[in-house]
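For reference, the structure is listed below as structure tokens.
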Number of protein chains: 2
Amino acid sequence: MTFDDVAAAVRPVDERAARAAAEHHDHLTKPRGALGRLEDAGIRLSAIAGAVPPPVPAPATVAVFAGDHGVLDEGVSPWPREVTAQMVANFCAGGAAINVLARAADARVVVVDVGVATPIPASAPGLVARRVRRGTGNIAVEPAMTADECTAALDIGAAIADEAIAQGAAALITGDMGIGNTTPSAALIAGLTSRTPADVTGRGTGIDDATLARKVRVVERALARARAAREHTDPRALLASVGGLEIAALTGFIVAGAAAAVPVIVDGVIAAAAALVAAAITPDAVGYLFAGHLSAEPGARAALHHLGLEPLLDLNLRLGEGSGAVLALPLLQAAARILREMATFDSAGITSKQ
Amino acid sequence: MTFDDVAAAVRPVDERAARAAAEHHDHLTKPRGALGRLEDAGIRLSAIAGAVPPPVPAPATVAVFAGDHGVLDEGVSPWPREVTAQMVANFCAGGAAINVLARAADARVVVVDVGVATPIPASAPGLVARRVRRGTGNIAVEPAMTADECTAALDIGAAIADEAIAQGAAALITGDMGIGNTTPSAALIAGLTSRTPADVTGRGTGIDDATLARKVRVVERALARARAAREHTDPRALLASVGGLEIAALTGFIVAGAAAAVPVIVDGVIAAAAALVAAAITPDAVGYLFAGHLSAEPGARAALHHLGLEPLLDLNLRLGEGSGAVLALPLLQAAARILREMATFDSAGITSKQ
């Protein structure tokens with residue numbers, strides 16, 4: 001299905017199932033509410049599935065969408081552009097953090113080139129080649145991409161989600177790679193929340209004060225340009241203007257997961273920016289999302305707050321790739337199993353609270 | 001080995017291995033420090049093992065020590081005493097939260113009756129029967145146990161750890177069950193840190209304001225009695241005076257894990273109280289501990305702060321049983337695998353930061 005198809009297919013989560021799950025928790029052999037946010041996760045999984053108990057979200061697929069960013073010309077990152085392509089090869093060879101963490105969580109990794117600018121070194125076994133263009137335009141001075149290119153990237157993300165689900169994925173995990181991609185993410189987050197660029201722009205993979213100040217200025221310029229072109233009132237136009245190809249693909253991936261009623265675990269600030277766009281286009285999609293973790297990047301907190309999502313983990317991660325989201329997967333699986341497998345006070349013959 | 005044997009055998013963790021792990025992280029294909037607290041966990045696992053990379057902490061054993069509390073006579077909990085025995089049967093039947101969460105994490109559960117007061121209902125397959133006495137004395141008015149009983153419980157905990165390790169456990173997880181056991185835990189935490197009873201006494205499984213005020217007063221009375229008997233200056237005497245049988249067993253379990261250089265994941269406030277006692281007797285034991293989560297109980301935060309441990313999870317759990325610790329196990333396993341499996345910049349042919 002195209003992005004437009006999946007966006008039209010998103011339905012609200014099932015609040016009746018949510019209430020039934022909350023009620024079922026109160027019969028399980030534990031004090032009421034004693035499993036805290038694990039109970040909240042079980043309730044949300046029930047609402048997504050429309051069933052109590054919900055299915056265990058396994059197996060899971062992590063899609064790592066890779067793209068490059070013209071804004072790197074502004075000196076917003078200490079890493080050279082070719083690292084995106086090199087990391088794509090590393091993902092395909094199984095040597096990156098996301099590969100290790102996905103193996104540990106029994107999740108599959110799919111690597112998608114949606115807009116890498118430089119050649120992928122040597123062999124990249126399993127790479128899904130869907131390059132829309134060789135990196136985005138420099139958002140400080142020009143649109144990231146055309147509307148058609150944006151649609152193509154949205155469609156690719158939706159198709160990757162559909163394929164993963166057709167192959168059995170019961171949970172989707174957002175992954176990303178793109179040197180410089182915290183800059184367009186900050187621009188989208190500032191544009192879609194009421195925060196200033198200075199509030200939501202961070203140090204990414206590690207930059208000094210002077211570079212951070214330059215990065216904030218770049219985000220301001222990008223948003224001023226988008227406003228002048230009246231692109232700031234439509235989320236899809238804003239995505240094309242100040243976003244990124246991998247962010248657009250992530251948006252499609254998220255919305256397609258929601259359309260298929262599959263839980264989607266959102267990773268860090270890049271994915272949070274994509275989730276904001278998804279929510280602006282299809283507000284009901286938010287009910288299908290879990291925030292895997294709280295990225296160290298300030299825009300992540302602002303975006304998750306705007307979405308009403310509370311992160312499951314807070315481990316000071318700032319890697320991307322889907323790393324924080326895949327680390328949260330076992331928590332969701334545990335939450336579902338609590339509802340599926342725990343004894344009730346009646347079944348276990350246990351005296352309830354006096 | 002006895003508790004005294006294991007306490008004498010604890011050695012400091014290997015700081016050279018810690019430095020080597022930190023150095024190795026900086027060669028892996030990610031920005032420096034980008035895996036945040038997962039890197040800290042990998043460094044600590046390396047220090048514990050004295051090796052880089054460290055072994056993956058699997059399989060793991062959760063020992064759930066169960067005991068009753070005479071202080072229940074003071075009305076500190078809404079749950080009747082016999083629930084401890086009923087929950088022991090539930091653990092043995094596999095229906096409790098800890099069973100579900102341990103299955104999800106591939107951990108084994110060992111259930112140990114170290115001081116249950118009432119008969120265990122019907123069959124309890126696999127129960128390790130090591131009852132020292134039928135519950136403790138009422139700490140508001142009398143010692144929890146004698147010095148000999150405390151030694152017996154410490155020895156049981158150490159023996160259970162030794163057996164688990166002999167059977168292949170590469171990580172130990174603390175579990176507990178005992179209606180009323182947040183009260184002696186608060187007494188130990190107040191006694192071993194500089195906090196007041198009001199600071200560290202919480203609502204346990206859920207009590208109203210009047211019960212909480214009574215519970216604080218009970219903790220104050222227990223500590224005043226211990227001070228009058230000069231038991232407050234020796235951690236082992238304090239444990240016997242205001243502690244619990246399962247807390248003493250947990251102390252032995254923790255110290256034996258440290259003696260064997262096996263990582264120990266500490267659960268909530270009960271385990272944190274035991275860890276405080278362990279640290280007071282053998283300070284080097286702290287290097288082998290991970291705080292699985294931050295319990296909603298206020299004493300947990302005070303105890304972990306005193307120990308210098310930062311919890312891995314914060315999910316508002318207040319169940320005990322080892323639930324929050326076993327949920328953190330996948331994070332430690334992931335941390336070890338990052339050091340074992342990730343490619344380096346050199347091996348992956350990736351350009352480093354400019």
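Identifiers for the structure tokens are assigned positionally: chains receive A, B, ... in sequence, residues are indexed from 1 per chain, and ligands are indexed from 1 in the order shown.
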Could you build a table of the residues in chain B lying no more than 7 Å from chain A, giving for each the nearest pair of atoms and their separation in Å rounded to one decimal place, using only C-alpha atoms, ordered by chain and ascending residue number, as JSON lines?
```
{"residue": "B:Thr29", "atom": "CA", "partner": "A:Ala96", "partner_atom": "CA", "distance": 6.4}
{"residue": "B:Lys30", "atom": "CA", "partner": "A:Leu319", "partner_atom": "CA", "distance": 7.0}
{"residue": "B:Pro31", "atom": "CA", "partner": "A:Thr205", "partner_atom": "CA", "distance": 5.8}
{"residue": "B:Ala34", "atom": "CA", "partner": "A:Arg318", "partner_atom": "CA", "distance": 4.9}
{"residue": "B:Leu35", "atom": "CA", "partner": "A:Leu317", "partner_atom": "CA", "distance": 4.8}
{"residue": "B:Gly36", "atom": "CA", "partner": "A:Asn316", "partner_atom": "CA", "distance": 4.8}
{"residue": "B:Arg37", "atom": "CA", "partner": "A:Leu315", "partner_atom": "CA", "distance": 5.1}
{"residue": "B:Leu38", "atom": "CA", "partner": "A:Leu315", "partner_atom": "CA", "distance": 6.9}
{"residue": "B:Pro78", "atom": "CA", "partner": "A:Gln354", "partner_atom": "CA", "distance": 5.4}
{"residue": "B:Trp79", "atom": "CA", "partner": "A:Lys353", "partner_atom": "CA", "distance": 4.8}
{"residue": "B:Pro80", "atom": "CA", "partner": "A:Gln354", "partner_atom": "CA", "distance": 6.9}
{"residue": "B:Val83", "atom": "CA", "partner": "A:Thr351", "partner_atom": "CA", "distance": 6.3}
{"residue": "B:Gln86", "atom": "CA", "partner": "A:Ile350", "partner_atom": "CA", "distance": 5.7}
{"residue": "B:Asn90", "atom": "CA", "partner": "A:Ala348", "partner_atom": "CA", "distance": 6.3}
{"residue": "B:Gly95", "atom": "CA", "partner": "A:Ala343", "partner_atom": "CA", "distance": 4.6}
{"residue": "B:Ala96", "atom": "CA", "partner": "A:Met342", "partner_atom": "CA", "distance": 5.6}
{"residue": "B:Ala97", "atom": "CA", "partner": "A:Met342", "partner_atom": "CA", "distance": 6.1}
{"residue": "B:Val100", "atom": "CA", "partner": "A:Ile338", "partner_atom": "CA", "distance": 6.3}
{"residue": "B:Leu101", "atom": "CA", "partner": "A:Ala334", "partner_atom": "CA", "distance": 6.0}
{"residue": "B:Ala104", "atom": "CA", "partner": "A:Ala334", "partner_atom": "CA", "distance": 6.2}
{"residue": "B:Thr205", "atom": "CA", "partner": "A:Pro31", "partner_atom": "CA", "distance": 5.8}
{"residue": "B:Leu313", "atom": "CA", "partner": "A:Leu313", "partner_atom": "CA", "distance": 6.5}
{"residue": "B:Leu315", "atom": "CA", "partner": "A:Arg37", "partner_atom": "CA", "distance": 5.1}
{"residue": "B:Asn316", "atom": "CA", "partner": "A:Gly36", "partner_atom": "CA", "distance": 4.8}
{"residue": "B:Leu317", "atom": "CA", "partner": "A:Gly36", "partner_atom": "CA", "distance": 4.8}
{"residue": "B:Arg318", "atom": "CA", "partner": "A:Ala34", "partner_atom": "CA", "distance": 4.9}
{"residue": "B:Leu319", "atom": "CA", "partner": "A:Ala34", "partner_atom": "CA", "distance": 5.0}
{"residue": "B:Leu327", "atom": "CA", "partner": "A:Leu331", "partner_atom": "CA", "distance": 6.9}
{"residue": "B:Leu331", "atom": "CA", "partner": "A:Leu327", "partner_atom": "CA", "distance": 6.9}
{"residue": "B:Ala334", "atom": "CA", "partner": "A:Leu101", "partner_atom": "CA", "distance": 6.0}
{"residue": "B:Arg337", "atom": "CA", "partner": "A:Val100", "partner_atom": "CA", "distance": 6.6}
{"residue": "B:Ile338", "atom": "CA", "partner": "A:Val100", "partner_atom": "CA", "distance": 6.2}
{"residue": "B:Glu341", "atom": "CA", "partner": "A:Val100", "partner_atom": "CA", "distance": 6.4}
{"residue": "B:Met342", "atom": "CA", "partner": "A:Gly95", "partner_atom": "CA", "distance": 5.0}
{"residue": "B:Ala343", "atom": "CA", "partner": "A:Gly95", "partner_atom": "CA", "distance": 4.6}
{"residue": "B:Ala348", "atom": "CA", "partner": "A:Asn90", "partner_atom": "CA", "distance": 6.2}
{"residue": "B:Ile350", "atom": "CA", "partner": "A:Gln86", "partner_atom": "CA", "distance": 5.7}
{"residue": "B:Thr351", "atom": "CA", "partner": "A:Val83", "partner_atom": "CA", "distance": 6.3}
{"residue": "B:Lys353", "atom": "CA", "partner": "A:Trp79", "partner_atom": "CA", "distance": 4.8}
{"residue": "B:Gln354", "atom": "CA", "partner": "A:Pro78", "partner_atom": "CA", "distance": 5.4}
```
Taking C-alpha atoms for each residue, export the selection above as a tab-separated table (two decimals), in the first residue's frame.
```tsv
chain	number	residue	atom	x	y	z
B	29	THR	CA	31.70	1.73	15.45
B	30	LYS	CA	29.70	4.37	17.28
B	31	PRO	CA	30.36	7.88	18.57
B	34	ALA	CA	26.86	7.02	22.54
B	35	LEU	CA	25.61	3.87	24.29
B	36	GLY	CA	25.49	5.76	27.58
B	37	ARG	CA	24.72	3.64	30.59
B	38	LEU	CA	24.90	0.44	28.54
B	78	PRO	CA	-3.45	-4.67	54.64
B	79	TRP	CA	-2.49	-8.20	53.58
B	80	PRO	CA	-2.92	-11.19	55.92
B	83	VAL	CA	-0.47	-14.70	51.79
B	86	GLN	CA	0.10	-18.84	49.45
B	90	ASN	CA	2.12	-19.72	43.53
B	95	GLY	CA	1.90	-18.48	38.24
B	96	ALA	CA	3.42	-15.41	39.87
B	97	ALA	CA	4.86	-12.35	38.13
B	100	VAL	CA	6.44	-15.09	34.01
B	101	LEU	CA	9.22	-12.51	33.86
B	104	ALA	CA	10.61	-14.29	29.40
B	205	THR	CA	1.88	-2.70	48.58
B	313	LEU	CA	15.09	0.80	35.02
B	315	LEU	CA	9.10	1.70	35.79
B	316	ASN	CA	7.32	2.58	39.03
B	317	LEU	CA	7.36	-1.08	40.11
B	318	ARG	CA	6.62	-1.96	43.73
B	319	LEU	CA	6.09	-5.71	43.63
B	327	LEU	CA	13.50	-7.14	33.76
B	331	LEU	CA	20.19	-4.93	29.43
B	334	ALA	CA	23.14	-6.65	25.75
B	337	ARG	CA	27.38	-8.56	23.81
B	338	ILE	CA	28.22	-5.01	22.66
B	341	GLU	CA	30.34	-8.61	19.04
B	342	MET	CA	30.55	-5.05	17.75
B	343	ALA	CA	32.91	-4.19	14.92
B	348	ALA	CA	34.73	-2.24	9.55
B	350	ILE	CA	34.92	3.27	8.84
B	351	THR	CA	36.31	6.79	8.85
B	353	LYS	CA	35.39	11.59	13.51
B	354	GLN	CA	37.16	14.56	11.92
```
Would you pick out the contacts of stretch 243-248 of chain B at 6 Å or less, using only C-alpha atoms, so that residues sharing its chain but fewer than 5 positions from it are not included, and give the list as a CSV table (one decimal) with N, CA, C and O atoms, in the first residue's frame?
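Listed below is the output, result-v1.csv:
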```csv
chain,number,residue,atom,x,y,z
B,65,PHE,N,13.5,-15.6,48.2
B,65,PHE,CA,13.6,-16.0,49.7
B,65,PHE,C,12.3,-15.5,50.3
B,65,PHE,O,12.0,-14.3,50.2
B,66,ALA,N,11.6,-16.4,51.0
B,66,ALA,CA,10.3,-16.1,51.6
B,66,ALA,C,10.4,-16.2,53.2
B,66,ALA,O,11.0,-17.1,53.7
B,67,GLY,N,9.9,-15.2,53.8
B,67,GLY,CA,9.8,-15.2,55.3
B,67,GLY,C,8.7,-14.3,55.8
B,67,GLY,O,8.2,-13.4,55.1
B,115,GLY,N,11.7,-18.8,56.3
B,115,GLY,CA,11.0,-18.4,57.6
B,115,GLY,C,9.6,-18.1,57.4
B,115,GLY,O,9.1,-17.1,58.0
B,153,ALA,N,20.4,-18.0,58.6
B,153,ALA,CA,19.7,-17.4,57.4
B,153,ALA,C,20.8,-16.9,56.4
B,153,ALA,O,20.7,-17.1,55.2
B,154,LEU,N,21.8,-16.2,57.0
B,154,LEU,CA,22.9,-15.7,56.1
B,154,LEU,C,23.6,-16.9,55.4
B,154,LEU,O,23.9,-16.9,54.2
B,184,PRO,N,10.7,-3.9,58.1
B,184,PRO,CA,12.1,-4.2,58.5
B,184,PRO,C,13.1,-3.6,57.5
B,184,PRO,O,14.2,-3.1,57.9
B,274,ALA,N,19.1,-5.4,52.1
B,274,ALA,CA,20.1,-6.5,52.2
B,274,ALA,C,21.4,-6.1,51.6
B,274,ALA,O,22.5,-6.4,52.2
```
Subject >> Shell around B:Ile165 at 10 Å using only C-alpha atoms, local window under 5 positions removed, as a list in words >> reply: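 Within the cut-off, the hits are Pro59, Ala60, Thr61, Ala159, Ile160, Ala170, Ala171, Leu172, Ala256, Gly257, Ala260 and Val262 of chain B.
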Original post:
Between atom CA of B:Tyr288 and atom CA of B:Thr251, what is the distance, to one decimal in Å?
Top reply: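 Atom CA of B:Thr251 lies 13.1 Å from atom CA of B:Tyr288.
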Original post:
Could you work out how far atom CA of B:Asp26 lies from atom CA of B:Asp284, giving the answer in Å with one decimal?
Top reply: 27.6 Å
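The interatomic distance for the pair atom CA of B:Gly252 and atom CA of B:Val62 works out to 14.1 Å.
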I need the residues in stretch 18-172 of chain A that are strand (DSSP E) according to DSSP; give them as a PDB file with N, CA and C atoms, in the first residue's frame.
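Produced file out21.pdb, reproduced below:
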```pdb
ATOM      1  N   ALA A  60      10.086  -9.392  16.062  1.00  0.00           N
ATOM      2  CA  ALA A  60      10.099  -7.975  15.722  1.00  0.00           C
ATOM      3  C   ALA A  60      11.071  -7.731  14.578  1.00  0.00           C
ATOM      4  N   THR A  61      10.786  -6.693  13.798  1.00  0.00           N
ATOM      5  CA  THR A  61      11.701  -6.271  12.739  1.00  0.00           C
ATOM      6  C   THR A  61      12.129  -4.828  12.984  1.00  0.00           C
ATOM      7  N   VAL A  62      13.435  -4.604  12.952  1.00  0.00           N
ATOM      8  CA  VAL A  62      14.007  -3.260  12.998  1.00  0.00           C
ATOM      9  C   VAL A  62      14.320  -2.849  11.570  1.00  0.00           C
ATOM     10  N   ALA A  63      13.741  -1.750  11.107  1.00  0.00           N
ATOM     11  CA  ALA A  63      14.107  -1.237   9.788  1.00  0.00           C
ATOM     12  C   ALA A  63      15.018  -0.034   9.991  1.00  0.00           C
ATOM     13  N   VAL A  64      16.230  -0.146   9.465  1.00  0.00           N
ATOM     14  CA  VAL A  64      17.179   0.965   9.558  1.00  0.00           C
ATOM     15  C   VAL A  64      17.186   1.681   8.209  1.00  0.00           C
ATOM     16  N   PHE A  65      16.597   2.867   8.180  1.00  0.00           N
ATOM     17  CA  PHE A  65      16.540   3.670   6.959  1.00  0.00           C
ATOM     18  C   PHE A  65      17.742   4.622   6.947  1.00  0.00           C
ATOM     19  N   ALA A  66      18.468   4.624   5.837  1.00  0.00           N
ATOM     20  CA  ALA A  66      19.681   5.443   5.761  1.00  0.00           C
ATOM     21  C   ALA A  66      19.548   6.506   4.687  1.00  0.00           C
ATOM     22  N   GLY A  67      19.991   7.706   5.035  1.00  0.00           N
ATOM     23  CA  GLY A  67      19.969   8.802   4.066  1.00  0.00           C
ATOM     24  C   GLY A  67      20.997   9.860   4.435  1.00  0.00           C
ATOM     25  N   ALA A 107      15.454 -10.012  17.216  1.00  0.00           N
ATOM     26  CA  ALA A 107      14.773  -9.178  16.224  1.00  0.00           C
ATOM     27  C   ALA A 107      15.565  -9.213  14.919  1.00  0.00           C
ATOM     28  N   ARG A 108      14.856  -9.062  13.801  1.00  0.00           N
ATOM     29  CA  ARG A 108      15.477  -9.067  12.496  1.00  0.00           C
ATOM     30  C   ARG A 108      15.809  -7.623  12.107  1.00  0.00           C
ATOM     31  N   VAL A 109      16.934  -7.422  11.413  1.00  0.00           N
ATOM     32  CA  VAL A 109      17.316  -6.085  10.943  1.00  0.00           C
ATOM     33  C   VAL A 109      17.175  -6.023   9.424  1.00  0.00           C
ATOM     34  N   VAL A 110      16.467  -5.015   8.955  1.00  0.00           N
ATOM     35  CA  VAL A 110      16.364  -4.741   7.519  1.00  0.00           C
ATOM     36  C   VAL A 110      17.015  -3.384   7.282  1.00  0.00           C
ATOM     37  N   VAL A 111      17.957  -3.329   6.341  1.00  0.00           N
ATOM     38  CA  VAL A 111      18.676  -2.084   6.075  1.00  0.00           C
ATOM     39  C   VAL A 111      18.214  -1.530   4.731  1.00  0.00           C
ATOM     40  N   VAL A 112      17.759  -0.284   4.731  1.00  0.00           N
ATOM     41  CA  VAL A 112      17.169   0.309   3.534  1.00  0.00           C
ATOM     42  C   VAL A 112      17.910   1.591   3.179  1.00  0.00           C
ATOM     43  N   ASP A 113      18.504   1.620   1.993  1.00  0.00           N
ATOM     44  CA  ASP A 113      19.122   2.853   1.485  1.00  0.00           C
ATOM     45  C   ASP A 113      18.034   3.657   0.800  1.00  0.00           C
ATOM     46  N   VAL A 114      17.615   4.729   1.453  1.00  0.00           N
ATOM     47  CA  VAL A 114      16.540   5.544   0.893  1.00  0.00           C
ATOM     48  C   VAL A 114      17.096   6.871   0.362  1.00  0.00           C
ATOM     49  N   GLY A 115      18.408   7.085   0.613  1.00  0.00           N
ATOM     50  CA  GLY A 115      18.960   8.344   0.114  1.00  0.00           C
ATOM     51  C   GLY A 115      20.405   8.583   0.491  1.00  0.00           C
ATOM     52  N   VAL A 128      18.510  -3.331   1.098  1.00  0.00           N
ATOM     53  CA  VAL A 128      17.336  -3.014   0.292  1.00  0.00           C
ATOM     54  C   VAL A 128      17.601  -1.652  -0.355  1.00  0.00           C
ATOM     55  N   ALA A 129      17.849  -1.655  -1.647  1.00  0.00           N
ATOM     56  CA  ALA A 129      18.264  -0.435  -2.355  1.00  0.00           C
ATOM     57  C   ALA A 129      17.038   0.300  -2.871  1.00  0.00           C
ATOM     58  N   ALA A 171       5.953  -6.780  15.782  1.00  0.00           N
ATOM     59  CA  ALA A 171       6.329  -5.468  16.311  1.00  0.00           C
ATOM     60  C   ALA A 171       7.303  -4.855  15.317  1.00  0.00           C
ATOM     61  N   LEU A 172       7.199  -3.548  15.157  1.00  0.00           N
ATOM     62  CA  LEU A 172       8.112  -2.826  14.266  1.00  0.00           C
ATOM     63  C   LEU A 172       8.966  -1.889  15.111  1.00  0.00           C
TER      64      LEU A 172
END
```
Original post:
Within 10 Å of A:Ala152, counting only C-alpha atoms, which residues qualify if same-chain residues fewer than 5 places away don't, as a ChimeraX atom specification?
Top reply: /A:2-3,114,130-132,146-147,157-158,245,248-249,252
Subject >> DSSP helix (DSSP H, G or I) residues within stretch 37-102 of chain A, as an MDAnalysis selection string >> reply: chainID A and resid 37:49 70:74 82:93 97:102
Original post:
Counting only C-alpha atoms, what is within 12 Å of A:Ala222, bar same-chain residues fewer than 6 positions away, as a PyMOL selection string?
Top reply: chain A and resi 71+74+137-144+183-188+190-191+197+215-216+228-229+231-232+238-243
Atoms kept (N, CA and C atoms) for selection, written as an mmCIF file, in the first residue's frame:
```
data_model
loop_
_atom_site.group_PDB
_atom_site.id
_atom_site.type_symbol
_atom_site.label_atom_id
_atom_site.label_comp_id
_atom_site.auth_asym_id
_atom_site.auth_seq_id
_atom_site.Cartn_x
_atom_site.Cartn_y
_atom_site.Cartn_z
ATOM 1 N N VAL A 71 22.684 19.479 4.436
ATOM 2 C CA VAL A 71 22.989 20.476 5.461
ATOM 3 C C VAL A 71 24.351 20.232 6.113
ATOM 4 N N GLU A 74 26.990 22.851 6.052
ATOM 5 C CA GLU A 74 27.026 23.963 7.015
ATOM 6 C C GLU A 74 27.931 23.662 8.211
ATOM 7 N N GLY A 137 18.785 18.165 -0.161
ATOM 8 C CA GLY A 137 19.335 19.503 -0.334
ATOM 9 C C GLY A 137 19.750 20.072 1.017
ATOM 10 N N ASN A 138 20.496 21.158 0.980
ATOM 11 C CA ASN A 138 20.942 21.832 2.206
ATOM 12 C C ASN A 138 19.792 22.666 2.751
ATOM 13 N N ILE A 139 19.155 22.181 3.814
ATOM 14 C CA ILE A 139 17.915 22.819 4.297
ATOM 15 C C ILE A 139 18.118 24.251 4.769
ATOM 16 N N ALA A 140 19.352 24.644 5.017
ATOM 17 C CA ALA A 140 19.586 26.043 5.396
ATOM 18 C C ALA A 140 19.234 26.968 4.242
ATOM 19 N N VAL A 141 19.347 26.483 3.017
ATOM 20 C CA VAL A 141 19.186 27.364 1.852
ATOM 21 C C VAL A 141 18.180 26.867 0.812
ATOM 22 N N GLU A 142 17.758 25.594 0.931
ATOM 23 C CA GLU A 142 16.867 25.038 -0.109
ATOM 24 C C GLU A 142 16.045 23.905 0.497
ATOM 25 N N PRO A 143 14.972 23.484 -0.168
ATOM 26 C CA PRO A 143 14.178 22.368 0.352
ATOM 27 C C PRO A 143 15.010 21.088 0.405
ATOM 28 N N ALA A 144 14.716 20.258 1.390
ATOM 29 C CA ALA A 144 15.399 18.969 1.491
ATOM 30 C C ALA A 144 15.121 18.128 0.256
ATOM 31 N N THR A 183 19.997 17.493 12.734
ATOM 32 C CA THR A 183 19.647 18.872 12.342
ATOM 33 C C THR A 183 18.245 18.948 11.718
ATOM 34 N N PRO A 184 17.935 18.179 10.666
ATOM 35 C CA PRO A 184 16.548 18.205 10.168
ATOM 36 C C PRO A 184 15.550 17.732 11.226
ATOM 37 N N SER A 185 15.947 16.827 12.105
ATOM 38 C CA SER A 185 15.024 16.383 13.153
ATOM 39 C C SER A 185 14.676 17.544 14.069
ATOM 40 N N ALA A 186 15.689 18.318 14.453
ATOM 41 C CA ALA A 186 15.430 19.485 15.302
ATOM 42 C C ALA A 186 14.518 20.473 14.581
ATOM 43 N N ALA A 187 14.735 20.645 13.273
ATOM 44 C CA ALA A 187 13.899 21.582 12.510
ATOM 45 C C ALA A 187 12.439 21.115 12.506
ATOM 46 N N LEU A 188 12.230 19.810 12.295
ATOM 47 C CA LEU A 188 10.856 19.288 12.297
ATOM 48 C C LEU A 188 10.224 19.410 13.679
ATOM 49 N N ALA A 190 10.992 21.528 16.145
ATOM 50 C CA ALA A 190 10.668 22.930 16.432
ATOM 51 C C ALA A 190 9.451 23.367 15.622
ATOM 52 N N GLY A 191 9.387 22.918 14.365
ATOM 53 C CA GLY A 191 8.287 23.328 13.496
ATOM 54 C C GLY A 191 6.946 22.744 13.899
ATOM 55 N N PRO A 197 14.116 26.616 18.129
ATOM 56 C CA PRO A 197 15.258 25.803 17.691
ATOM 57 C C PRO A 197 16.293 25.610 18.806
ATOM 58 N N LYS A 215 24.645 25.192 14.560
ATOM 59 C CA LYS A 215 23.564 24.252 14.247
ATOM 60 C C LYS A 215 22.194 24.872 14.564
ATOM 61 N N VAL A 216 22.104 25.572 15.691
ATOM 62 C CA VAL A 216 20.846 26.243 16.049
ATOM 63 C C VAL A 216 20.489 27.271 14.978
ATOM 64 N N ALA A 228 8.559 31.227 5.044
ATOM 65 C CA ALA A 228 8.437 32.169 3.921
ATOM 66 C C ALA A 228 7.734 31.497 2.741
ATOM 67 N N ALA A 229 7.969 30.195 2.580
ATOM 68 C CA ALA A 229 7.346 29.451 1.474
ATOM 69 C C ALA A 229 5.988 28.876 1.888
ATOM 70 N N GLU A 231 5.292 26.623 3.959
ATOM 71 C CA GLU A 231 5.335 25.169 4.059
ATOM 72 C C GLU A 231 5.154 24.706 5.504
ATOM 73 N N HIS A 232 5.094 25.663 6.426
ATOM 74 C CA HIS A 232 5.121 25.273 7.838
ATOM 75 C C HIS A 232 3.743 24.866 8.361
ATOM 76 N N LEU A 238 6.234 20.486 5.277
ATOM 77 C CA LEU A 238 7.354 20.780 6.173
ATOM 78 C C LEU A 238 8.394 19.663 6.122
ATOM 79 N N LEU A 239 7.920 18.417 6.088
ATOM 80 C CA LEU A 239 8.820 17.259 5.986
ATOM 81 C C LEU A 239 9.677 17.357 4.718
ATOM 82 N N ALA A 240 9.050 17.694 3.602
ATOM 83 C CA ALA A 240 9.804 17.826 2.344
ATOM 84 C C ALA A 240 10.774 19.002 2.407
ATOM 85 N N SER A 241 10.375 20.047 3.111
ATOM 86 C CA SER A 241 11.177 21.267 3.119
ATOM 87 C C SER A 241 12.384 21.185 4.050
ATOM 88 N N VAL A 242 12.177 20.673 5.286
ATOM 89 C CA VAL A 242 13.268 20.718 6.277
ATOM 90 C C VAL A 242 13.634 19.330 6.812
ATOM 91 N N GLY A 243 13.039 18.270 6.271
ATOM 92 C CA GLY A 243 13.250 16.927 6.821
ATOM 93 C C GLY A 243 14.389 16.180 6.158
#
```
